[in-house]
file coords.cif (mmCIF, C-alpha atoms)
data_input
#
loop_
_atom_site.label_atom_id
_atom_site.label_comp_id
_atom_site.auth_asym_id
_atom_site.auth_seq_id
_atom_site.Cartn_x
_atom_site.Cartn_y
_atom_site.Cartn_z
CA MET A 1 -11.59 20.27 11.51
CA LYS A 2 -13.51 17.23 12.74
CA VAL A 3 -12.06 13.85 13.65
CA HIS A 4 -14.32 10.86 14.30
CA THR A 5 -13.17 7.36 15.26
CA GLU A 6 -14.92 4.00 15.42
CA TYR A 7 -13.72 0.42 15.79
CA LEU A 8 -15.28 -2.54 14.02
CA THR A 9 -14.92 -6.16 15.13
CA VAL A 10 -14.55 -8.93 12.56
CA HIS A 11 -14.68 -12.63 13.43
CA THR A 12 -14.49 -15.09 10.54
CA GLN A 13 -15.34 -18.79 10.82
CA ARG A 14 -12.56 -19.70 8.41
CA ARG A 15 -8.82 -19.17 8.68
CA TYR A 16 -8.80 -17.33 5.32
CA ASP A 17 -11.80 -15.20 4.48
CA TRP A 18 -13.07 -11.95 2.99
CA VAL A 19 -15.51 -9.47 4.55
CA HIS A 20 -17.17 -6.66 2.58
CA LEU A 21 -16.86 -3.47 4.65
CA THR A 22 -18.21 -0.75 2.35
CA PRO A 23 -21.68 -0.44 3.97
CA GLN A 24 -20.21 -0.11 7.48
CA ILE A 25 -17.67 2.50 6.35
CA GLU A 26 -20.45 4.46 4.63
CA ASP A 27 -22.44 4.47 7.89
CA ILE A 28 -19.46 5.70 9.90
CA VAL A 29 -18.79 8.49 7.40
CA ALA A 30 -22.44 9.56 7.68
CA ARG A 31 -22.28 9.55 11.50
CA SER A 32 -19.05 11.59 11.46
CA GLY A 33 -20.77 14.58 9.86
CA VAL A 34 -17.65 15.16 7.73
CA GLN A 35 -18.57 16.64 4.34
CA ASP A 36 -15.13 16.87 2.76
CA GLY A 37 -12.06 14.92 3.84
CA MET A 38 -10.82 11.36 4.07
CA VAL A 39 -11.19 8.19 6.08
CA LEU A 40 -8.39 5.85 7.14
CA VAL A 41 -9.40 2.18 7.50
CA ASN A 42 -6.90 -0.37 8.82
CA PRO A 43 -6.89 -3.67 10.68
CA MET A 44 -5.23 -3.42 14.09
CA HIS A 45 -3.71 -6.85 13.40
CA ILE A 46 -0.75 -7.90 11.28
CA THR A 47 -2.28 -10.97 9.65
CA ALA A 48 -5.10 -9.10 7.88
CA SER A 49 -5.55 -6.40 5.23
CA VAL A 50 -7.97 -3.67 4.32
CA PHE A 51 -7.96 -3.13 0.55
CA VAL A 52 -10.10 -1.85 -2.30
CA ASN A 53 -11.01 -4.11 -5.17
CA ASP A 54 -14.00 -5.80 -6.81
CA HIS A 55 -17.13 -6.99 -4.98
CA GLU A 56 -17.11 -10.22 -7.03
CA HIS A 57 -16.81 -13.67 -5.48
CA GLY A 58 -14.90 -15.30 -8.33
CA LEU A 59 -12.16 -12.71 -8.01
CA LEU A 60 -11.95 -13.28 -4.26
CA GLU A 61 -11.39 -17.00 -5.00
CA ASP A 62 -8.65 -16.00 -7.43
CA PHE A 63 -7.02 -13.79 -4.78
CA GLY A 64 -7.00 -16.73 -2.34
CA ARG A 65 -5.35 -19.13 -4.78
CA TRP A 66 -2.86 -16.52 -5.98
CA LEU A 67 -1.82 -15.54 -2.43
CA GLU A 68 -1.35 -19.22 -1.59
CA ARG A 69 0.92 -19.62 -4.61
CA LEU A 70 3.07 -16.56 -3.80
CA ALA A 71 3.10 -16.98 -0.01
CA PRO A 72 2.21 -20.59 0.84
CA HIS A 73 0.91 -21.76 4.20
CA ASP A 74 3.26 -24.36 5.67
CA PRO A 75 2.85 -25.14 9.38
CA ASP A 76 6.18 -27.04 9.46
CA PRO A 77 8.30 -25.47 12.24
CA LYS A 78 11.22 -25.30 9.79
CA ALA A 79 9.26 -23.80 6.89
CA TYR A 80 9.61 -20.25 8.20
CA ALA A 81 11.95 -18.73 10.80
CA HIS A 82 8.89 -17.09 12.38
CA HIS A 83 7.68 -20.57 13.37
CA ARG A 84 10.54 -20.86 15.91
CA THR A 85 8.30 -18.72 18.13
CA GLY A 86 5.67 -21.49 18.12
CA GLU A 87 3.49 -19.72 15.54
CA ASP A 88 2.37 -21.42 12.32
CA ASN A 89 1.14 -18.33 10.49
CA ALA A 90 4.18 -16.75 8.79
CA ASP A 91 2.29 -17.04 5.48
CA ALA A 92 -0.41 -14.73 6.88
CA HIS A 93 2.15 -11.98 7.51
CA LEU A 94 3.44 -12.32 3.93
CA LYS A 95 -0.05 -12.40 2.41
CA ARG A 96 -0.89 -9.23 4.33
CA GLN A 97 2.08 -7.44 2.72
CA LEU A 98 0.87 -8.43 -0.75
CA MET A 99 -2.64 -7.13 -0.10
CA GLY A 100 -1.51 -4.07 1.90
CA ARG A 101 -2.46 -2.81 5.36
CA GLU A 102 -4.74 0.18 5.01
CA ALA A 103 -7.02 2.13 2.72
CA CYS A 104 -7.29 5.92 2.64
CA LEU A 105 -10.61 6.85 1.05
CA ALA A 106 -11.82 10.27 -0.02
CA ILE A 107 -15.04 11.82 1.28
CA THR A 108 -16.82 14.37 -0.92
CA ALA A 109 -20.24 15.95 -0.32
CA GLY A 110 -20.65 13.89 2.85
CA LYS A 111 -20.16 10.51 1.15
CA LEU A 112 -17.39 8.04 0.34
CA ASP A 113 -16.03 9.20 -3.00
CA LEU A 114 -15.44 5.78 -4.60
CA GLY A 115 -15.47 4.78 -8.25
CA THR A 116 -18.36 2.63 -9.50
CA TRP A 117 -16.67 -0.70 -8.84
CA GLU A 118 -14.50 0.20 -5.86
CA ALA A 119 -15.45 -1.89 -2.81
CA VAL A 120 -13.69 -1.88 0.57
CA TYR A 121 -12.72 -5.35 1.75
CA TYR A 122 -11.20 -6.88 4.85
CA GLY A 123 -8.90 -9.80 4.02
CA GLU A 124 -8.40 -12.30 6.83
CA PHE A 125 -5.37 -14.60 6.72
CA ASP A 126 -5.46 -16.01 10.26
CA GLY A 127 -9.03 -15.84 11.48
CA ARG A 128 -11.39 -17.67 13.79
CA ARG A 129 -10.90 -15.02 16.48
CA ASP A 130 -11.95 -11.42 17.07
CA LYS A 131 -10.02 -8.85 15.08
CA ARG A 132 -10.44 -5.09 15.27
CA VAL A 133 -10.58 -2.60 12.40
CA LEU A 134 -9.91 1.08 13.08
CA VAL A 135 -11.87 3.68 11.11
CA LYS A 136 -10.83 7.33 11.49
CA VAL A 137 -12.58 10.12 9.59
CA LEU A 138 -10.83 13.49 9.18
CA GLY A 139 -12.17 16.59 7.45
CA ILE A 140 -14.53 19.53 7.56
CA MET B 1 -8.43 23.49 7.38
CA LYS B 2 -8.73 23.51 3.60
CA VAL B 3 -9.82 20.63 1.40
CA HIS B 4 -9.46 20.80 -2.39
CA THR B 5 -10.50 18.08 -4.85
CA GLU B 6 -9.84 17.51 -8.53
CA TYR B 7 -10.32 14.58 -10.89
CA LEU B 8 -7.93 13.66 -13.69
CA THR B 9 -8.83 11.54 -16.70
CA VAL B 10 -6.32 9.04 -18.09
CA HIS B 11 -6.82 7.19 -21.37
CA THR B 12 -4.00 4.93 -22.53
CA GLN B 13 -3.70 3.52 -26.05
CA ARG B 14 -2.29 0.27 -24.72
CA ARG B 15 -3.84 -2.29 -22.38
CA TYR B 16 -0.80 -2.01 -20.03
CA ASP B 17 0.82 1.38 -19.69
CA TRP B 18 2.40 3.93 -17.35
CA VAL B 19 1.57 7.63 -17.03
CA HIS B 20 3.77 10.09 -15.16
CA LEU B 21 1.48 12.20 -12.92
CA THR B 22 3.90 14.30 -10.86
CA PRO B 23 3.50 17.56 -12.86
CA GLN B 24 -0.29 17.43 -12.70
CA ILE B 25 -0.28 16.70 -8.96
CA GLU B 26 2.12 19.61 -8.41
CA ASP B 27 -0.26 21.92 -10.27
CA ILE B 28 -3.25 20.77 -8.19
CA VAL B 29 -1.31 21.30 -4.95
CA ALA B 30 -0.43 24.84 -6.10
CA ARG B 31 -4.08 25.58 -6.99
CA SER B 32 -5.27 24.25 -3.60
CA GLY B 33 -3.42 26.96 -1.69
CA VAL B 34 -2.49 24.37 0.97
CA GLN B 35 0.90 25.17 2.52
CA ASP B 36 1.22 22.26 4.92
CA GLY B 37 -0.68 18.98 4.71
CA MET B 38 -1.05 15.99 2.44
CA VAL B 39 -2.59 14.89 -0.83
CA LEU B 40 -4.34 11.59 -1.51
CA VAL B 41 -4.09 10.32 -5.10
CA ASN B 42 -5.97 7.19 -6.17
CA PRO B 43 -7.47 5.68 -9.30
CA MET B 44 -11.26 5.33 -9.07
CA HIS B 45 -10.87 2.00 -10.87
CA ILE B 46 -9.79 -1.41 -9.63
CA THR B 47 -7.53 -2.38 -12.51
CA ALA B 48 -5.06 0.49 -12.04
CA SER B 49 -2.61 1.80 -9.44
CA VAL B 50 -1.15 5.08 -8.28
CA PHE B 51 2.34 4.52 -6.90
CA VAL B 52 5.64 6.28 -6.28
CA ASN B 53 8.83 5.00 -7.88
CA ASP B 54 11.48 5.97 -10.43
CA HIS B 55 10.88 8.14 -13.51
CA GLU B 56 13.02 5.75 -15.60
CA HIS B 57 11.73 3.87 -18.62
CA GLY B 58 13.90 0.78 -18.21
CA LEU B 59 12.49 0.23 -14.74
CA LEU B 60 8.94 0.60 -16.03
CA GLU B 61 9.70 -2.18 -18.56
CA ASP B 62 11.01 -4.29 -15.68
CA PHE B 63 7.82 -3.66 -13.70
CA GLY B 64 5.75 -4.83 -16.67
CA ARG B 65 7.66 -8.09 -17.13
CA TRP B 66 7.76 -8.76 -13.40
CA LEU B 67 4.02 -8.21 -12.94
CA GLU B 68 3.34 -10.52 -15.87
CA ARG B 69 5.45 -13.22 -14.22
CA LEU B 70 3.76 -12.91 -10.81
CA ALA B 71 0.21 -12.31 -12.08
CA PRO B 72 -0.02 -13.53 -15.69
CA HIS B 73 -2.66 -12.44 -18.16
CA ASP B 74 -4.64 -15.43 -19.38
CA PRO B 75 -7.94 -14.72 -21.16
CA ASP B 76 -8.97 -18.40 -20.96
CA PRO B 77 -12.42 -18.49 -19.28
CA LYS B 78 -11.09 -21.22 -16.97
CA ALA B 79 -7.83 -19.51 -16.04
CA TYR B 80 -9.44 -17.39 -13.32
CA ALA B 81 -12.77 -17.74 -11.50
CA HIS B 82 -13.37 -14.01 -12.21
CA HIS B 83 -13.65 -14.88 -15.91
CA ARG B 84 -16.95 -16.68 -15.27
CA THR B 85 -18.45 -13.17 -15.27
CA GLY B 86 -17.36 -12.75 -18.89
CA GLU B 87 -14.34 -10.62 -18.00
CA ASP B 88 -10.82 -11.50 -19.17
CA ASN B 89 -8.92 -9.16 -16.86
CA ALA B 90 -8.42 -10.99 -13.54
CA ASP B 91 -4.67 -10.44 -13.94
CA ALA B 92 -5.25 -6.68 -13.86
CA HIS B 93 -6.91 -6.92 -10.43
CA LEU B 94 -3.94 -8.95 -9.12
CA LYS B 95 -1.35 -6.62 -10.66
CA ARG B 96 -3.11 -3.68 -9.02
CA GLN B 97 -2.72 -5.33 -5.60
CA LEU B 98 1.03 -5.76 -6.17
CA MET B 99 1.49 -2.12 -7.14
CA GLY B 100 -0.99 -0.74 -4.57
CA ARG B 101 -4.01 1.50 -4.93
CA GLU B 102 -3.16 4.94 -3.63
CA ALA B 103 -0.37 7.33 -2.68
CA CYS B 104 -0.49 9.74 0.26
CA LEU B 105 2.04 12.50 -0.35
CA ALA B 106 3.21 15.19 2.03
CA ILE B 107 2.94 18.91 1.25
CA THR B 108 5.41 21.27 2.93
CA ALA B 109 5.89 24.99 2.23
CA GLY B 110 3.18 24.84 -0.44
CA LYS B 111 4.85 22.10 -2.48
CA LEU B 112 4.89 18.31 -2.81
CA ASP B 113 7.50 17.15 -0.31
CA LEU B 114 9.04 14.35 -2.38
CA GLY B 115 12.56 12.94 -2.29
CA THR B 116 14.85 13.66 -5.26
CA TRP B 117 13.91 10.55 -7.20
CA GLU B 118 10.32 10.07 -6.08
CA ALA B 119 7.90 10.28 -9.02
CA VAL B 120 4.15 9.71 -8.93
CA TYR B 121 2.96 7.21 -11.52
CA TYR B 122 -0.34 5.83 -12.73
CA GLY B 123 -0.11 2.15 -13.66
CA GLU B 124 -2.73 0.95 -16.13
CA PHE B 125 -3.46 -2.77 -16.36
CA ASP B 126 -6.66 -2.70 -18.42
CA GLY B 127 -6.61 0.46 -20.48
CA ARG B 128 -7.88 1.76 -23.80
CA ARG B 129 -10.76 3.54 -22.07
CA ASP B 130 -11.25 6.60 -19.86
CA LYS B 131 -10.21 6.13 -16.26
CA ARG B 132 -10.51 8.70 -13.48
CA VAL B 133 -7.96 9.59 -10.82
CA LEU B 134 -9.08 11.37 -7.66
CA VAL B 135 -6.77 13.96 -6.09
CA LYS B 136 -7.73 15.35 -2.69
CA VAL B 137 -5.57 17.90 -0.89
CA LEU B 138 -6.01 18.42 2.88
CA GLY B 139 -4.15 20.86 5.11
CA ILE B 140 -3.68 24.44 6.19
CA MET C 1 -5.82 21.97 12.70
CA LYS C 2 -2.16 21.35 13.50
CA VAL C 3 0.46 19.99 11.12
CA HIS C 4 3.89 18.94 12.40
CA THR C 5 6.74 17.60 10.25
CA GLU C 6 10.04 15.90 11.08
CA TYR C 7 12.62 14.03 9.03
CA LEU C 8 14.52 10.98 10.26
CA THR C 9 17.79 9.73 8.81
CA VAL C 10 18.45 6.01 8.48
CA HIS C 11 21.84 4.56 7.53
CA THR C 12 22.17 0.78 7.50
CA GLN C 13 25.47 -1.07 7.38
CA ARG C 14 24.00 -3.76 5.16
CA ARG C 15 22.47 -3.51 1.69
CA TYR C 16 19.25 -5.16 2.95
CA ASP C 17 18.14 -4.39 6.48
CA TRP C 18 15.25 -3.60 8.79
CA VAL C 19 14.95 -0.71 11.26
CA HIS C 20 12.27 -0.55 13.96
CA LEU C 21 10.78 2.96 13.88
CA THR C 22 7.89 2.79 16.37
CA PRO C 23 9.66 4.53 19.28
CA GLN C 24 10.79 7.44 17.11
CA ILE C 25 7.31 7.88 15.61
CA GLU C 26 5.78 7.82 19.10
CA ASP C 27 8.17 10.62 20.16
CA ILE C 28 7.29 12.74 17.13
CA VAL C 29 3.56 12.29 17.77
CA ALA C 30 4.10 13.41 21.40
CA ARG C 31 6.09 16.47 20.26
CA SER C 32 3.39 17.40 17.72
CA GLY C 33 0.79 17.97 20.43
CA VAL C 34 -1.84 16.37 18.17
CA GLN C 35 -4.48 14.54 20.21
CA ASP C 36 -6.63 13.16 17.42
CA GLY C 37 -5.58 12.67 13.82
CA MET C 38 -3.10 10.69 11.78
CA VAL C 39 0.56 10.50 10.88
CA LEU C 40 2.02 9.78 7.45
CA VAL C 41 5.41 8.02 7.46
CA ASN C 42 7.27 7.43 4.19
CA PRO C 43 10.81 7.00 2.95
CA MET C 44 11.88 9.79 0.60
CA HIS C 45 13.69 7.13 -1.45
CA ILE C 46 12.40 4.59 -3.95
CA THR C 47 14.43 1.58 -2.81
CA ALA C 48 12.96 1.44 0.72
CA SER C 49 9.61 0.90 2.42
CA VAL C 50 7.80 1.93 5.56
CA PHE C 51 5.39 -0.78 6.63
CA VAL C 52 3.58 -2.21 9.64
CA ASN C 53 4.12 -5.78 10.70
CA ASP C 54 5.56 -7.88 13.54
CA HIS C 55 8.51 -6.85 15.75
CA GLU C 56 9.93 -10.40 15.47
CA HIS C 57 13.33 -11.18 14.01
CA GLY C 58 12.45 -14.59 12.57
CA LEU C 59 9.69 -13.01 10.51
CA LEU C 60 12.06 -10.32 9.23
CA GLU C 61 14.38 -13.13 8.02
CA ASP C 62 11.40 -14.70 6.29
CA PHE C 63 10.55 -11.39 4.61
CA GLY C 64 14.12 -11.15 3.31
CA ARG C 65 14.15 -14.64 1.81
CA TRP C 66 10.66 -14.25 0.37
CA LEU C 67 11.43 -10.90 -1.28
CA GLU C 68 14.58 -12.38 -2.78
CA ARG C 69 12.52 -15.22 -4.24
CA LEU C 70 9.84 -12.95 -5.75
CA ALA C 71 12.19 -10.12 -6.83
CA PRO C 72 15.74 -11.47 -7.04
CA HIS C 73 18.86 -9.36 -6.94
CA ASP C 74 20.89 -9.84 -10.11
CA PRO C 75 23.60 -7.28 -10.85
CA ASP C 76 24.02 -8.55 -14.43
CA PRO C 77 23.59 -5.54 -16.74
CA LYS C 78 21.17 -7.63 -18.82
CA ALA C 79 19.09 -8.96 -15.93
CA TYR C 80 16.92 -5.85 -15.77
CA ALA C 81 16.34 -3.03 -18.27
CA HIS C 82 16.93 -0.57 -15.41
CA HIS C 83 20.57 -1.70 -15.34
CA ARG C 84 21.19 -0.03 -18.72
CA THR C 85 21.45 3.18 -16.66
CA GLY C 86 24.46 1.74 -14.83
CA GLU C 87 22.45 0.83 -11.72
CA ASP C 88 22.43 -2.68 -10.27
CA ASN C 89 19.46 -2.27 -7.94
CA ALA C 90 16.32 -2.96 -9.98
CA ASP C 91 15.42 -5.65 -7.45
CA ALA C 92 15.26 -2.99 -4.72
CA HIS C 93 12.59 -1.06 -6.66
CA LEU C 94 10.53 -4.25 -7.05
CA LYS C 95 10.94 -5.26 -3.41
CA ARG C 96 9.76 -1.80 -2.38
CA GLN C 97 6.54 -2.28 -4.35
CA LEU C 98 5.87 -5.59 -2.57
CA MET C 99 6.36 -4.05 0.87
CA GLY C 100 4.67 -0.73 0.01
CA ARG C 101 5.85 2.87 0.31
CA GLU C 102 4.09 4.50 3.24
CA ALA C 103 2.11 3.94 6.40
CA CYS C 104 -0.79 6.12 7.56
CA LEU C 105 -1.25 5.61 11.29
CA ALA C 106 -4.08 6.82 13.50
CA ILE C 107 -3.51 9.01 16.55
CA THR C 108 -6.09 8.85 19.37
CA ALA C 109 -5.87 10.49 22.80
CA GLY C 110 -2.44 11.89 21.91
CA LYS C 111 -0.87 8.51 21.07
CA LEU C 112 -0.29 6.21 18.12
CA ASP C 113 -3.43 4.08 17.94
CA LEU C 114 -1.81 0.76 17.01
CA GLY C 115 -2.96 -2.78 17.73
CA THR C 116 -0.98 -4.83 20.26
CA TRP C 117 1.40 -6.35 17.72
CA GLU C 118 1.56 -3.58 15.15
CA ALA C 119 5.12 -2.25 14.78
CA VAL C 120 6.32 0.36 12.30
CA TYR C 121 9.33 -0.77 10.28
CA TYR C 122 11.65 0.73 7.72
CA GLY C 123 12.72 -1.82 5.10
CA GLU C 124 16.01 -1.04 3.35
CA PHE C 125 16.73 -2.69 0.00
CA ASP C 126 19.74 -0.63 -1.13
CA GLY C 127 21.44 0.70 1.98
CA ARG C 128 24.89 1.68 3.18
CA ARG C 129 24.08 5.36 2.66
CA ASP C 130 21.94 8.03 4.32
CA LYS C 131 18.24 7.77 3.60
CA ARG C 132 15.55 10.15 4.83
CA VAL C 133 12.13 9.29 6.24
CA LEU C 134 9.39 11.92 6.29
CA VAL C 135 6.97 12.01 9.23
CA LYS C 136 3.98 14.35 8.99
CA VAL C 137 1.39 14.57 11.75
CA LEU C 138 -2.04 16.07 11.00
CA GLY C 139 -4.93 16.58 13.41
CA ILE C 140 -6.35 18.53 16.29
#

call {"tool": "encode", "arguments": {"input": "coords.cif", "output": "structure tokens"}}
result
Amino acid sequence: MKVHTEYLTVHTQRRYDWVHLTPQIEDIVARSGVQDGMVLVNPMHITASVFVNDHEHGLLEDFGRWLERLAPHDPDPKAYAHHRTGEDNADAHLKRQLMGREACLAITAGKLDLGTWEAVYYGEFDGRRDKRVLVKVLGI
Amino acid sequence: MKVHTEYLTVHTQRRYDWVHLTPQIEDIVARSGVQDGMVLVNPMHITASVFVNDHEHGLLEDFGRWLERLAPHDPDPKAYAHHRTGEDNADAHLKRQLMGREACLAITAGKLDLGTWEAVYYGEFDGRRDKRVLVKVLGI
Amino acid sequence: MKVHTEYLTVHTQRRYDWVHLTPQIEDIVARSGVQDGMVLVNPMHITASVFVNDHEHGLLEDFGRWLERLAPHDPDPKAYAHHRTGEDNADAHLKRQLMGREACLAITAGKLDLGTWEAVYYGEFDGRRDKRVLVKVLGI
């Protein structure tokens, strides 16, 4: 069994943003030498998500509006109990739950075994600073 | 370490539907010969989910109504930015995020190590066509 | 490859509650002897979640209120189709979908490879009884 680990750094200019990760994950899988197994991809932060959905900018806009409707940003100190700590980003923690934390992706014949339209995305809900993404490949 | 992969095909008659997968996953685990490890189960499509919840038809009805409330279907070209591409299924991409993409299930003593009421389900949000589900077993 | 499995038991006094699991998962990883790999943590019940977010009590309050807004408890037999079975906990099954079922966590250099603020939590949505949590460590 082989295990191979890399860390990516993401830094978005906007508070809320989306970063397409598929090409970088494909490169890491190739470097790992794993032919058959899986790869775990997760942000090491609790105001971001790694998820699999469409590589289509209109849909990403829809995700942003929909997340804002279900888990609205409100910097008011009384809007969320979390804001008693001085933070203003409770909405980011809620949005992250809706989009999920991690993706576990299959590797077959040395490559990411994704469906035609599956793309790996990083969702940022409290950006404008360095965030790390852990990528761990396991297999044979 | 052993790795064993199979692909299932799901084809629902209805746009929104639920398919109970537990028996098929149990069969794949048995065929894999893995005694101790895990199995990754995910749709290879971005308008469907694999999730674990109750094998109870009333609850599945509740899921359907609830998803429609939180992420409504609206084929209007202006309802979602994704519809600019000609699609009418943005709601399916949102519903999939609520229900999640994949399930990672433990295998112990050669069998799926599920709790009494845990059942593996495929949730279809844009059906009436062939969809593939990837099942990858890893372990010893 | 090594695989190591343990089961935790959680019993909350309240119907809805949160239990911080990180220390127990760290102990299990240490006992496993795995230096590089991952650990799967999931409830064996369908009215609970294992998730990763902040170890901050205000935010847990926010999660509770938010889940109640998106997936309200209503014991009325007609509120949810699931209640035809005599249950009154359909909301718990919905809340579990929002928070997710399982966490897959990386292990590097013999330890949980979590970001600074990542904490592993058990979310209970129908407590006051014993619930089991499965922890399976895989790696080298």

call {"tool": "atom_distance", "arguments": {"input": "coords.cif", "atom1": "atom CA of A:Asp27", "atom2": "atom CA of A:Leu40"}}
result
14.1 Å

call {"tool": "interface_residues", "arguments": {"input": "coords.cif", "of": "chain C", "to": "chain A", "cutoff": "8 Å", "atoms": "all atoms listed in the file", "output": "count of residues only"}}
result
27

call {"tool": "atom_distance", "arguments": {"input": "coords.cif", "atom1": "atom CA of C:Tyr122", "atom2": "atom CA of C:Ala48"}}
result
7.2 Å

call {"tool": "closest_residue", "arguments": {"input": "coords.cif", "among": "C:Gly33, C:Gly110, C:Gly127, C:Pro75", "to": "C:Asp88", "atoms": "only C-alpha atoms"}}
result
C:Pro75

call {"tool": "residues_near_point", "arguments": {"input": "coords.cif", "point": "(9.6, 9.5, 19.1)", "cutoff": "12 Å", "atoms": "all atoms listed in the file", "output": "number ranges by chain"}}
result
C: 6-8, 20-32, 111-112, 120, 135

call {"tool": "atom_distance", "arguments": {"input": "coords.cif", "atom1": "atom CA of B:Asp76", "atom2": "atom CA of B:Ser49"}}
result
24.1 Å

call {"tool": "decode", "arguments": {"input": "coords.cif", "residues": "stretch 39-58 of chain A", "atoms": "N, CA and C atoms", "output": "PDB file, in the first residue's frame"}}
result
ATOM      1  N   VAL A  39      -8.543   9.071  -3.270  1.00  0.00           N
ATOM      2  CA  VAL A  39      -7.887  10.283  -2.789  1.00  0.00           C
ATOM      3  C   VAL A  39      -8.904  11.086  -1.975  1.00  0.00           C
ATOM      4  N   LEU A  40      -8.450  11.479  -0.798  1.00  0.00           N
ATOM      5  CA  LEU A  40      -9.232  12.332   0.109  1.00  0.00           C
ATOM      6  C   LEU A  40      -8.784  13.775  -0.105  1.00  0.00           C
ATOM      7  N   VAL A  41      -9.736  14.675  -0.339  1.00  0.00           N
ATOM      8  CA  VAL A  41      -9.419  16.099  -0.523  1.00  0.00           C
ATOM      9  C   VAL A  41     -10.275  16.898   0.444  1.00  0.00           C
ATOM     10  N   ASN A  42      -9.655  17.642   1.340  1.00  0.00           N
ATOM     11  CA  ASN A  42     -10.446  18.465   2.272  1.00  0.00           C
ATOM     12  C   ASN A  42      -9.721  19.758   2.612  1.00  0.00           C
ATOM     13  N   PRO A  43     -10.520  20.844   2.808  1.00  0.00           N
ATOM     14  CA  PRO A  43      -9.916  22.066   3.326  1.00  0.00           C
ATOM     15  C   PRO A  43      -9.498  21.785   4.764  1.00  0.00           C
ATOM     16  N   MET A  44      -8.463  22.478   5.229  1.00  0.00           N
ATOM     17  CA  MET A  44      -8.056  22.351   6.629  1.00  0.00           C
ATOM     18  C   MET A  44      -8.669  23.501   7.443  1.00  0.00           C
ATOM     19  N   HIS A  45      -9.711  24.093   6.879  1.00  0.00           N
ATOM     20  CA  HIS A  45     -10.386  25.244   7.481  1.00  0.00           C
ATOM     21  C   HIS A  45     -11.880  24.956   7.528  1.00  0.00           C
ATOM     22  N   ILE A  46     -12.567  25.632   8.443  1.00  0.00           N
ATOM     23  CA  ILE A  46     -13.968  25.305   8.715  1.00  0.00           C
ATOM     24  C   ILE A  46     -14.937  26.328   8.136  1.00  0.00           C
ATOM     25  N   THR A  47     -14.431  27.159   7.240  1.00  0.00           N
ATOM     26  CA  THR A  47     -15.276  28.114   6.518  1.00  0.00           C
ATOM     27  C   THR A  47     -15.081  27.919   5.014  1.00  0.00           C
ATOM     28  N   ALA A  48     -14.833  26.681   4.612  1.00  0.00           N
ATOM     29  CA  ALA A  48     -14.615  26.350   3.200  1.00  0.00           C
ATOM     30  C   ALA A  48     -15.047  24.906   2.970  1.00  0.00           C
ATOM     31  N   SER A  49     -15.260  24.556   1.721  1.00  0.00           N
ATOM     32  CA  SER A  49     -15.708  23.215   1.335  1.00  0.00           C
ATOM     33  C   SER A  49     -14.892  22.705   0.160  1.00  0.00           C
ATOM     34  N   VAL A  50     -14.746  21.403   0.077  1.00  0.00           N
ATOM     35  CA  VAL A  50     -14.348  20.762  -1.175  1.00  0.00           C
ATOM     36  C   VAL A  50     -15.534  19.911  -1.603  1.00  0.00           C
ATOM     37  N   PHE A  51     -15.989  20.086  -2.827  1.00  0.00           N
ATOM     38  CA  PHE A  51     -17.177  19.361  -3.295  1.00  0.00           C
ATOM     39  C   PHE A  51     -17.036  19.060  -4.781  1.00  0.00           C
ATOM     40  N   VAL A  52     -17.921  18.220  -5.273  1.00  0.00           N
ATOM     41  CA  VAL A  52     -17.908  17.809  -6.674  1.00  0.00           C
ATOM     42  C   VAL A  52     -19.220  18.250  -7.306  1.00  0.00           C
ATOM     43  N   ASN A  53     -19.114  19.076  -8.322  1.00  0.00           N
ATOM     44  CA  ASN A  53     -20.311  19.457  -9.057  1.00  0.00           C
ATOM     45  C   ASN A  53     -19.872  19.965 -10.427  1.00  0.00           C
ATOM     46  N   ASP A  54     -20.659  20.812 -11.059  1.00  0.00           N
ATOM     47  CA  ASP A  54     -20.449  21.163 -12.460  1.00  0.00           C
ATOM     48  C   ASP A  54     -19.411  22.278 -12.611  1.00  0.00           C
ATOM     49  N   HIS A  55     -18.585  22.176 -13.649  1.00  0.00           N
ATOM     50  CA  HIS A  55     -17.626  23.224 -14.001  1.00  0.00           C
ATOM     51  C   HIS A  55     -18.348  24.212 -14.922  1.00  0.00           C
ATOM     52  N   GLU A  56     -19.292  24.980 -14.337  1.00  0.00           N
ATOM     53  CA  GLU A  56     -20.167  25.849 -15.152  1.00  0.00           C
ATOM     54  C   GLU A  56     -20.442  27.105 -14.326  1.00  0.00           C
ATOM     55  N   HIS A  57     -20.059  28.261 -14.852  1.00  0.00           N
ATOM     56  CA  HIS A  57     -20.065  29.472 -14.031  1.00  0.00           C
ATOM     57  C   HIS A  57     -21.453  29.945 -13.619  1.00  0.00           C
ATOM     58  N   GLY A  58     -22.447  29.714 -14.469  1.00  0.00           N
ATOM     59  CA  GLY A  58     -23.813  30.081 -14.082  1.00  0.00           C
ATOM     60  C   GLY A  58     -24.245  29.313 -12.846  1.00  0.00           C
TER      61      GLY A  58
END
